[in-house]
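S.K.: Input file: final-v8.cif. Contents: mmCIF, C-alpha atoms.
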data_start
loop_
_atom_site.group_PDB
_atom_site.id
_atom_site.type_symbol
_atom_site.label_atom_id
_atom_site.label_comp_id
_atom_site.auth_asym_id
_atom_site.auth_seq_id
_atom_site.Cartn_x
_atom_site.Cartn_y
_atom_site.Cartn_z
ATOM 1 C CA MET A 1 50.187 39.797 58.815
ATOM 2 C CA PRO A 2 52.751 42.036 57.058
ATOM 3 C CA ILE A 3 51.854 43.048 53.503
ATOM 4 C CA LEU A 4 54.293 44.105 50.774
ATOM 5 C CA TYR A 5 52.952 46.839 48.519
ATOM 6 C CA LEU A 6 54.762 47.146 45.172
ATOM 7 C CA GLY A 7 54.143 50.199 42.998
ATOM 8 C CA LEU A 8 54.668 50.041 39.235
ATOM 9 C CA GLY A 9 53.235 53.401 38.229
ATOM 10 C CA GLY A 10 50.150 53.636 36.043
ATOM 11 C CA THR A 11 47.130 55.921 36.290
ATOM 12 C CA ILE A 12 46.894 55.448 40.042
ATOM 13 C CA ALA A 13 50.281 57.174 40.282
ATOM 14 C CA CYS A 14 49.478 59.944 37.773
ATOM 15 C CA THR A 15 48.965 63.654 38.360
ATOM 16 C CA LEU A 16 48.089 66.494 36.020
ATOM 17 C CA GLY A 17 50.992 68.546 34.669
ATOM 18 C CA ASP A 18 51.150 72.174 33.607
ATOM 19 C CA ASP A 19 50.755 71.067 29.985
ATOM 20 C CA GLY A 20 47.370 69.518 30.736
ATOM 21 C CA LEU A 21 48.619 65.941 30.409
ATOM 22 C CA VAL A 22 48.973 63.332 33.141
ATOM 23 C CA ARG A 23 52.124 61.405 33.987
ATOM 24 C CA ALA A 24 53.114 59.014 36.767
ATOM 25 C CA THR A 25 54.697 61.077 39.535
ATOM 26 C CA ARG A 26 53.664 59.390 42.791
ATOM 27 C CA GLY A 27 55.531 56.471 44.292
ATOM 28 C CA ALA A 28 54.131 53.660 46.409
ATOM 29 C CA GLY A 29 54.948 55.457 49.665
ATOM 30 C CA THR A 30 52.917 58.485 48.645
ATOM 31 C CA LEU A 31 49.976 56.351 47.566
ATOM 32 C CA LEU A 32 50.095 54.419 50.818
ATOM 33 C CA ALA A 33 50.212 57.625 52.877
ATOM 34 C CA GLU A 34 47.094 58.765 51.062
ATOM 35 C CA VAL A 35 45.168 55.856 52.615
ATOM 36 C CA GLY A 36 46.559 56.353 56.106
ATOM 37 C CA SER A 37 49.913 54.510 55.976
ATOM 38 C CA PRO A 38 48.654 51.233 57.490
ATOM 39 C CA PRO A 39 51.353 49.995 59.887
ATOM 40 C CA ASP A 40 51.293 46.426 58.549
ATOM 41 C CA VAL A 41 52.166 47.506 54.988
ATOM 42 C CA THR A 42 55.632 48.104 53.533
ATOM 43 C CA ALA A 43 55.709 50.192 50.350
ATOM 44 C CA GLU A 44 58.315 49.668 47.661
ATOM 45 C CA ASP A 45 58.665 51.075 44.155
ATOM 46 C CA MET A 46 59.458 48.908 41.155
ATOM 47 C CA GLY A 47 58.942 51.614 38.551
ATOM 48 C CA LEU A 48 56.818 54.569 37.511
ATOM 49 C CA GLY A 49 56.254 53.630 33.893
ATOM 50 C CA ALA A 50 53.250 52.910 31.735
ATOM 51 C CA SER A 51 52.058 49.323 31.905
ATOM 52 C CA SER A 52 52.091 49.229 28.105
ATOM 53 C CA ASP A 53 55.905 49.225 28.370
ATOM 54 C CA LEU A 54 56.114 46.109 30.561
ATOM 55 C CA GLY A 55 57.681 42.942 29.177
ATOM 56 C CA PHE A 56 58.091 39.351 30.305
ATOM 57 C CA ASP A 57 61.496 40.127 31.852
ATOM 58 C CA ASP A 58 59.790 42.674 34.112
ATOM 59 C CA LEU A 59 57.292 40.029 35.197
ATOM 60 C CA LEU A 60 60.046 37.537 35.994
ATOM 61 C CA ALA A 61 61.671 40.217 38.162
ATOM 62 C CA LEU A 62 58.328 40.824 39.840
ATOM 63 C CA ALA A 63 57.874 37.088 40.444
ATOM 64 C CA ALA A 64 61.377 36.881 41.950
ATOM 65 C CA ARG A 65 60.550 39.792 44.272
ATOM 66 C CA LEU A 66 57.392 38.036 45.436
ATOM 67 C CA GLU A 67 59.285 34.785 46.021
ATOM 68 C CA ARG A 68 61.740 36.603 48.304
ATOM 69 C CA ALA A 69 58.911 38.405 50.071
ATOM 70 C CA PHE A 70 57.031 35.205 50.899
ATOM 71 C CA GLY A 71 59.952 32.796 51.258
ATOM 72 C CA GLN A 72 62.573 34.842 53.077
ATOM 73 C CA GLU A 73 61.098 38.077 54.389
ATOM 74 C CA GLY A 74 57.960 36.878 56.170
ATOM 75 C CA PHE A 75 55.338 38.778 54.200
ATOM 76 C CA THR A 76 51.929 37.125 54.187
ATOM 77 C CA GLY A 77 50.434 38.909 51.192
ATOM 78 C CA SER A 78 51.245 41.390 48.466
ATOM 79 C CA VAL A 79 49.478 44.188 46.604
ATOM 80 C CA ILE A 80 50.736 45.434 43.250
ATOM 81 C CA THR A 81 49.426 48.594 41.613
ATOM 82 C CA GLN A 82 50.067 49.330 37.956
ATOM 83 C CA GLY A 83 48.511 50.761 34.834
ATOM 84 C CA THR A 84 45.287 49.066 33.838
ATOM 85 C CA ASP A 85 46.281 48.545 30.184
ATOM 86 C CA THR A 86 47.991 45.220 30.897
ATOM 87 C CA ILE A 87 46.586 44.206 34.282
ATOM 88 C CA GLU A 88 44.942 41.068 32.913
ATOM 89 C CA GLU A 89 48.161 39.965 31.190
ATOM 90 C CA VAL A 90 50.404 40.670 34.182
ATOM 91 C CA ALA A 91 48.007 38.943 36.557
ATOM 92 C CA TYR A 92 47.642 35.884 34.336
ATOM 93 C CA THR A 93 51.383 35.508 33.771
ATOM 94 C CA LEU A 94 52.068 35.617 37.517
ATOM 95 C CA HIS A 95 49.130 33.264 38.047
ATOM 96 C CA LEU A 96 50.712 30.617 35.816
ATOM 97 C CA LEU A 97 54.340 31.051 36.852
ATOM 98 C CA ARG A 98 54.092 29.953 40.485
ATOM 99 C CA ARG A 99 51.774 28.455 43.102
ATOM 100 C CA TRP A 100 51.767 31.466 45.399
ATOM 101 C CA PRO A 101 51.436 30.554 49.099
ATOM 102 C CA CYS A 102 49.979 33.966 49.983
ATOM 103 C CA PRO A 103 47.525 36.336 48.318
ATOM 104 C CA VAL A 104 48.870 38.307 45.348
ATOM 105 C CA VAL A 105 46.480 41.135 44.503
ATOM 106 C CA ILE A 106 46.787 43.547 41.577
ATOM 107 C CA SER A 107 44.924 46.834 41.382
ATOM 108 C CA GLY A 108 45.109 50.294 39.876
ATOM 109 C CA ALA A 109 42.866 53.164 38.857
ATOM 110 C CA MET A 110 40.933 54.393 35.862
ATOM 111 C CA ARG A 111 40.876 58.016 37.055
ATOM 112 C CA HIS A 112 44.055 59.894 37.908
ATOM 113 C CA ALA A 113 44.548 61.762 41.168
ATOM 114 C CA ASP A 114 43.349 65.139 39.872
ATOM 115 C CA LEU A 115 40.010 63.929 38.541
ATOM 116 C CA PRO A 116 36.737 64.134 40.492
ATOM 117 C CA GLY A 117 35.658 60.725 41.692
ATOM 118 C CA ARG A 118 39.154 59.254 41.512
ATOM 119 C CA ASP A 119 39.083 55.550 42.273
ATOM 120 C CA GLY A 120 42.685 54.842 43.224
ATOM 121 C CA PRO A 121 42.489 55.165 47.037
ATOM 122 C CA ALA A 122 39.366 52.992 47.325
ATOM 123 C CA ASN A 123 40.864 50.343 45.045
ATOM 124 C CA LEU A 124 44.109 50.293 47.036
ATOM 125 C CA LEU A 125 42.265 49.917 50.352
ATOM 126 C CA ASP A 126 40.148 47.094 48.917
ATOM 127 C CA ALA A 127 43.237 45.356 47.538
ATOM 128 C CA LEU A 128 44.960 45.573 50.920
ATOM 129 C CA ALA A 129 41.885 44.075 52.592
ATOM 130 C CA VAL A 130 41.989 41.126 50.179
ATOM 131 C CA ALA A 131 45.746 40.663 50.670
ATOM 132 C CA ARG A 132 45.185 40.398 54.430
ATOM 133 C CA SER A 133 42.344 37.911 54.118
ATOM 134 C CA PRO A 134 42.920 34.190 54.753
ATOM 135 C CA GLU A 135 39.921 33.657 52.454
ATOM 136 C CA ALA A 136 42.014 34.917 49.533
ATOM 137 C CA ALA A 137 44.806 32.386 50.025
ATOM 138 C CA GLN A 138 45.108 29.627 47.413
ATOM 139 C CA LEU A 139 42.983 31.546 44.892
ATOM 140 C CA GLY A 140 45.942 32.400 42.692
ATOM 141 C CA VAL A 141 46.578 35.944 41.525
ATOM 142 C CA LEU A 142 43.607 38.286 41.943
ATOM 143 C CA VAL A 143 42.550 41.584 40.386
ATOM 144 C CA VAL A 144 40.631 43.897 42.716
ATOM 145 C CA MET A 145 38.919 46.929 41.171
ATOM 146 C CA GLY A 146 35.634 48.669 41.854
ATOM 147 C CA GLY A 147 34.864 46.554 44.913
ATOM 148 C CA GLU A 148 35.043 43.289 42.949
ATOM 149 C CA ILE A 149 37.517 40.423 43.245
ATOM 150 C CA HIS A 150 38.375 38.771 39.936
ATOM 151 C CA GLY A 151 40.466 35.708 39.187
ATOM 152 C CA ALA A 152 43.406 36.235 36.842
ATOM 153 C CA ALA A 153 42.248 33.549 34.411
ATOM 154 C CA ALA A 154 38.854 35.108 33.741
ATOM 155 C CA VAL A 155 39.279 38.861 34.164
ATOM 156 C CA THR A 156 39.421 41.247 31.218
ATOM 157 C CA LYS A 157 39.382 44.978 30.664
ATOM 158 C CA SER A 158 36.082 45.585 28.882
ATOM 159 C CA HIS A 159 35.821 49.372 28.515
ATOM 160 C CA ALA A 160 38.421 51.977 27.570
ATOM 161 C CA GLN A 161 37.436 54.544 30.220
ATOM 162 C CA SER A 162 34.798 53.297 32.662
ATOM 163 C CA PRO A 163 35.849 52.670 36.294
ATOM 164 C CA ALA A 164 33.711 49.521 36.037
ATOM 165 C CA THR A 165 35.860 48.226 33.173
ATOM 166 C CA PHE A 166 37.051 44.950 34.720
ATOM 167 C CA ARG A 167 34.781 41.976 34.137
ATOM 168 C CA SER A 168 34.931 38.193 34.191
ATOM 169 C CA PRO A 169 32.588 37.538 31.238
ATOM 170 C CA ASP A 170 31.906 33.835 31.614
ATOM 171 C CA TRP A 171 31.875 33.322 35.363
ATOM 172 C CA GLY A 172 31.592 36.680 37.090
ATOM 173 C CA PRO A 173 33.790 37.885 39.968
ATOM 174 C CA LEU A 174 35.064 35.522 42.650
ATOM 175 C CA GLY A 175 33.787 37.820 45.354
ATOM 176 C CA LEU A 176 33.344 41.334 46.673
ATOM 177 C CA VAL A 177 34.868 43.768 49.131
ATOM 178 C CA ALA A 178 32.201 45.516 51.212
ATOM 179 C CA GLU A 179 33.112 47.835 54.108
ATOM 180 C CA ARG A 180 36.628 46.352 53.936
ATOM 181 C CA GLN A 181 35.170 42.883 54.476
ATOM 182 C CA VAL A 182 36.198 40.249 51.956
ATOM 183 C CA LEU A 183 33.374 38.053 50.668
ATOM 184 C CA ILE A 184 34.382 35.073 48.517
ATOM 185 C CA ALA A 185 31.499 33.499 46.563
ATOM 186 C CA ARG A 186 33.336 30.866 44.540
ATOM 187 C CA ARG A 187 36.753 29.310 44.127
ATOM 188 C CA PRO A 188 38.293 28.628 40.722
ATOM 189 C CA PRO A 189 40.128 25.369 39.981
ATOM 190 C CA PRO A 190 43.901 25.329 40.564
ATOM 191 C CA PRO A 191 45.696 26.951 37.624
ATOM 192 C CA LEU A 192 47.918 25.218 35.140
ATOM 193 C CA LEU A 193 51.500 25.636 36.341
ATOM 194 C CA LEU A 194 54.070 26.784 33.761
ATOM 195 C CA PRO A 195 57.087 27.620 35.959
ATOM 196 C CA ALA A 196 59.402 29.240 33.421
ATOM 197 C CA THR A 197 62.559 30.746 34.890
ATOM 198 C CA ARG A 198 63.266 32.585 31.670
ATOM 199 C CA ILE A 199 60.808 33.547 28.964
ATOM 200 C CA ASP A 200 62.575 33.466 25.635
ATOM 201 C CA ALA A 201 59.882 32.099 23.311
ATOM 202 C CA ARG A 202 58.139 34.504 20.976
ATOM 203 C CA VAL A 203 54.460 33.932 20.226
ATOM 204 C CA ASN A 204 52.493 36.268 17.980
ATOM 205 C CA LEU A 205 48.772 37.027 18.220
ATOM 206 C CA LEU A 206 46.676 37.822 15.155
ATOM 207 C CA ARG A 207 42.947 38.508 14.890
ATOM 208 C CA ILE A 208 41.293 37.020 11.817
ATOM 209 C CA VAL A 209 38.780 39.312 10.135
ATOM 210 C CA LEU A 210 36.754 39.391 6.938
ATOM 211 C CA ASP A 211 39.148 38.961 3.983
ATOM 212 C CA THR A 212 42.328 38.769 6.079
ATOM 213 C CA ASP A 213 45.447 39.185 3.944
ATOM 214 C CA PRO A 214 47.399 35.875 3.951
ATOM 215 C CA ALA A 215 50.608 37.942 3.940
ATOM 216 C CA LEU A 216 49.818 39.030 7.504
ATOM 217 C CA VAL A 217 49.576 35.402 8.578
ATOM 218 C CA GLU A 218 52.828 34.545 6.797
ATOM 219 C CA ALA A 219 54.595 37.390 8.604
ATOM 220 C CA ALA A 220 53.123 36.400 11.968
ATOM 221 C CA LEU A 221 54.352 32.820 11.508
ATOM 222 C CA LYS A 222 57.963 34.024 11.790
ATOM 223 C CA ALA A 223 58.022 33.255 15.510
ATOM 224 C CA ASP A 224 58.071 30.255 17.823
ATOM 225 C CA GLY A 225 54.304 30.182 17.884
ATOM 226 C CA LEU A 226 51.193 31.873 16.562
ATOM 227 C CA VAL A 227 47.779 32.314 18.153
ATOM 228 C CA LEU A 228 44.946 33.146 15.793
ATOM 229 C CA GLU A 229 41.717 34.640 17.075
ATOM 230 C CA GLY A 230 39.288 32.972 14.682
ATOM 231 C CA MET A 231 35.773 33.935 13.762
ATOM 232 C CA GLY A 232 32.807 32.667 15.775
ATOM 233 C CA GLY A 233 33.652 29.415 17.496
ATOM 234 C CA GLY A 234 37.230 29.505 16.200
ATOM 235 C CA HIS A 235 36.925 29.389 12.402
ATOM 236 C CA LEU A 236 39.394 30.527 9.740
ATOM 237 C CA PRO A 237 38.988 31.353 6.048
ATOM 238 C CA ALA A 238 39.530 28.203 3.978
ATOM 239 C CA ARG A 239 42.389 29.797 2.027
ATOM 240 C CA LEU A 240 44.489 30.050 5.204
ATOM 241 C CA ALA A 241 44.226 26.367 6.133
ATOM 242 C CA PRO A 242 46.872 24.993 3.716
ATOM 243 C CA LEU A 243 49.297 27.773 4.660
ATOM 244 C CA LEU A 244 48.954 26.921 8.347
ATOM 245 C CA GLU A 245 49.179 23.189 7.722
ATOM 246 C CA GLU A 246 52.479 23.689 5.910
ATOM 247 C CA ALA A 247 53.805 25.851 8.745
ATOM 248 C CA VAL A 248 52.887 23.187 11.317
ATOM 249 C CA ALA A 249 54.602 20.521 9.191
ATOM 250 C CA GLN A 250 57.745 22.671 9.299
ATOM 251 C CA GLY A 251 57.667 22.889 13.090
ATOM 252 C CA SER A 252 55.568 25.952 13.856
ATOM 253 C CA VAL A 253 53.144 25.875 16.782
ATOM 254 C CA VAL A 254 49.763 27.287 15.751
ATOM 255 C CA ALA A 255 46.675 27.596 17.935
ATOM 256 C CA VAL A 256 43.204 28.937 17.169
ATOM 257 C CA THR A 257 40.708 30.367 19.635
ATOM 258 C CA SER A 258 37.551 32.438 19.285
ATOM 259 C CA ARG A 259 37.882 36.165 18.745
ATOM 260 C CA THR A 260 34.731 36.703 20.821
ATOM 261 C CA GLY A 261 36.821 36.428 23.995
ATOM 262 C CA SER A 262 34.102 34.531 25.813
ATOM 263 C CA GLY A 263 32.913 30.951 25.925
ATOM 264 C CA PRO A 264 34.728 27.764 24.864
ATOM 265 C CA SER A 265 35.723 27.312 21.237
ATOM 266 C CA LEU A 266 33.954 24.685 19.170
ATOM 267 C CA ARG A 267 35.434 21.194 18.925
ATOM 268 C CA ARG A 268 33.170 18.951 16.866
ATOM 269 C CA THR A 269 30.351 20.823 15.157
ATOM 270 C CA TYR A 270 31.365 22.149 11.730
ATOM 271 C CA GLY A 271 33.041 20.207 8.931
ATOM 272 C CA ALA A 272 33.979 22.982 6.472
ATOM 273 C CA VAL A 273 37.566 23.692 5.470
ATOM 274 C CA GLY A 274 38.883 26.098 8.099
ATOM 275 C CA ALA A 275 36.442 24.911 10.767
ATOM 276 C CA GLU A 276 37.453 23.149 13.949
ATOM 277 C CA SER A 277 37.543 19.525 12.787
ATOM 278 C CA ASP A 278 39.488 20.441 9.661
ATOM 279 C CA LEU A 279 41.999 22.530 11.613
ATOM 280 C CA ARG A 280 42.570 19.749 14.133
ATOM 281 C CA GLY A 281 43.307 17.369 11.294
ATOM 282 C CA ARG A 282 45.965 19.759 10.024
ATOM 283 C CA GLY A 283 47.798 19.747 13.369
ATOM 284 C CA ILE A 284 46.513 23.104 14.544
ATOM 285 C CA LEU A 285 45.824 23.350 18.285
ATOM 286 C CA LEU A 286 42.290 24.205 19.362
ATOM 287 C CA ALA A 287 42.408 26.667 22.231
ATOM 288 C CA ASP A 288 39.969 28.214 24.695
ATOM 289 C CA GLY A 289 39.812 31.667 26.208
ATOM 290 C CA PRO A 290 40.844 35.103 24.931
ATOM 291 C CA GLY A 291 43.779 35.202 22.550
ATOM 292 C CA LEU A 292 45.706 37.432 24.984
ATOM 293 C CA LYS A 293 45.772 34.615 27.495
ATOM 294 C CA VAL A 294 46.276 31.742 25.057
ATOM 295 C CA ARG A 295 49.369 33.612 23.868
ATOM 296 C CA ILE A 296 50.694 33.851 27.426
ATOM 297 C CA ARG A 297 50.131 30.138 28.036
ATOM 298 C CA LEU A 298 51.948 29.140 24.868
ATOM 299 C CA THR A 299 54.771 31.628 25.474
ATOM 300 C CA LEU A 300 55.460 30.139 28.896
ATOM 301 C CA ALA A 301 55.044 26.561 27.659
ATOM 302 C CA LEU A 302 57.435 27.066 24.743
ATOM 303 C CA SER A 303 59.977 28.579 27.144
ATOM 304 C CA LEU A 304 60.065 25.379 29.232
ATOM 305 C CA THR A 305 62.362 22.393 28.755
ATOM 306 C CA PRO A 306 60.965 19.832 28.304
ATOM 307 C CA ARG A 307 57.852 21.249 26.731
ATOM 308 C CA PRO A 308 54.536 20.318 28.319
ATOM 309 C CA ASP A 309 51.638 18.917 26.305
ATOM 310 C CA LEU A 310 50.869 21.886 24.065
ATOM 311 C CA ALA A 311 47.368 20.715 23.189
ATOM 312 C CA ALA A 312 46.520 20.608 26.903
ATOM 313 C CA VAL A 313 48.122 24.023 27.432
ATOM 314 C CA ALA A 314 46.089 25.557 24.604
ATOM 315 C CA ALA A 315 42.855 24.170 26.033
ATOM 316 C CA ALA A 316 43.577 25.002 29.696
ATOM 317 C CA TRP A 317 41.030 27.783 29.864
ATOM 318 C CA LEU A 318 41.096 28.329 33.630
#
As structure tokens - that is how I would like this structure written.
M.R.:
Amino acid sequence: MPILYLGLGGTIACTLGDDGLVRATRGAGTLLAEVGSPPDVTAEDMGLGASSDLGFDDLLALAARLERAFGQEGFTGSVITQGTDTIEEVAYTLHLLRRWPCPVVISGAMRHADLPGRDGPANLLDALAVARSPEAAQLGVLVVMGGEIHGAAAVTKSHAQSPATFRSPDWGPLGLVAERQVLIARRPPPPLLLPATRIDARVNLLRIVLDTDPALVEAALKADGLVLEGMGGGHLPARLAPLLEEAVAQGSVVAVTSRTGSGPSLRRTYGAVGAESDLRGRGILLADGPGLKVRIRLTLALSLTPRPDLAAVAAAWL
């Protein structure tokens, strides 16, 4: 069961420099050697940058590399390591782009190589175990960190520094890795498929807060789409509703989800201006899930021709 290991840099690849700052210096081959150079794993570098610099074009290149690996080169699973800043976004984009026939597992580290208690080697070994496991097939893209297996649709980075940062708030992890054994407790539904071959739509994301300046919303509307993280169950200040209604009438795609990042948005409870029933009546899409992921769904959907049902895309939480 040959596994392709792709390194994209990040904290797992970082070492401490003479100036007291860490930078990515270690390629995939070095990281693999650190865990014993398993003979069934081929290491390949796709960059040594910070994950905050990744863009959709990089993810399309990554998807193309995985397609070749599984379709032409005989690999039966893949592990990707990268910086943790954008793991949930990278995983979710890959999750939606293709129905992967083999496990695709993303991991990384919260502690660089020169820190006590570094977590990179353990995370890489766990990720390789999941990539080898038939149990992990057909689960979509997975994030493996801290001995837990998370689905791309639910996982989020919840703490700026803790090694236990990755959580799936609503459903919990899909399973665990214990003594290199993969234990799957539940299986998520098949993901929405948004098979964009190019990603040229631009969708902005804006969090709505107390007394949000309407000028920010007007500026954010200068794109193909806008996702608003609303208050509570997905509510907006009343003064923004007419502005958004006019933008929708002029062809903008606007969706609202909850800024809490957890739980489904409301659909039919409140009747105030700016609440869910009012927004629906103005042509605004009601979305579920964190704004980060609603934005990805709409970006992929708006990059497709013909466009899929955008209301269904906005609501496709898992």
S.K.: Rounded to one decimal in Å, what is the spacing between atom CA of Glu67 of chain A and atom CA of Ile3 of chain A?
M.R.: 13.4 Å
S.K.: Could you list the residues chosen by the PyMOL selection byres ((chain A and resi 51) around 8) in this structure as number ranges by chain?
M.R.: A: 8-10, 49-50, 52-54, 82-87
S.K.: What is the distance between atom CA of Arg180 of chain A and atom CA of Asn123 of chain A, in Å to one decimal?
M.R.: 10.6 Å
S.K.: Mind pulling up the distance from atom CA of Val130 of chain A to atom CA of Met1 of chain A?
M.R.: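 Computing it gives 12.0 Å between the two atoms.
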S.K.: Excluding Ala196 of chain A and any residue of its chain fewer than 5 positions from it, enumerate the residues within 10 Å of it, using only C-alpha atoms, and give them as a PyMOL selection string.
M.R.: chain A and resi 60+96-98+299-305
S.K.: Which residue gives the smallest distance to Arg187 of chain A among A:Ile80, A:Ile149, A:Leu115, A:Leu285, with all atoms listed in the file counted?
M.R.: A:Ile149
S.K.: Could you check which of A:Gly271, A:Gly263, A:Gly120, A:Gly234 is closest to Leu286 of chain A, using only C-alpha atoms?
M.R.: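 Answer, going by the shortest atom-to-atom distance: A:Gly234.
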S.K.: Run through the PyMOL selection byres ((chain A and resi 298) around 9) on the given coordinates and return the selected residues as a PyMOL selection string.
M.R.: chain A and resi 201+203+225-227+253+255+293-297+299-303+310+313-314
S.K.: I'd like the residues picked by the PyMOL selection byres ((chain A and resi 42) around 7) written out as JSON, numbers by chain, using the chain letters and numbers from the file.
M.R.: {"A": [3, 4, 5, 40, 41, 43, 44]}
S.K.: Tell me which of A:Ala220, A:Gly281, A:Ala249, A:Arg167 sits closest to Gly261 of chain A, counting only C-alpha atoms.
M.R.: A:Arg167
S.K.: Which polymer residues have any atom within 10 Å of an atom of Val256 of chain A, counting all atoms listed in the file, with same-chain residues fewer than 3 positions away left out, as a count of residues only?
M.R.: 27
S.K.: Identify which of the residues A:Pro121, A:Pro101, A:Gly71, A:Gly7 lies closest to Val35 of chain A, counting all atoms listed in the file when measuring atom-to-atom distances.
M.R.: A:Pro121
S.K.: Rank A:Arg202, A:Arg239, A:Arg186, A:His112 by their smallest atom-to-atom distance to Gly151 of chain A, using only C-alpha atoms, and report the top residue only.
M.R.: A:Arg186
S.K.: Rank nothing, just name the residue among A:Leu59, A:Leu94, A:Ala127, A:Met145 nearest to Leu32 of chain A, using only C-alpha atoms.
M.R.: A:Ala127
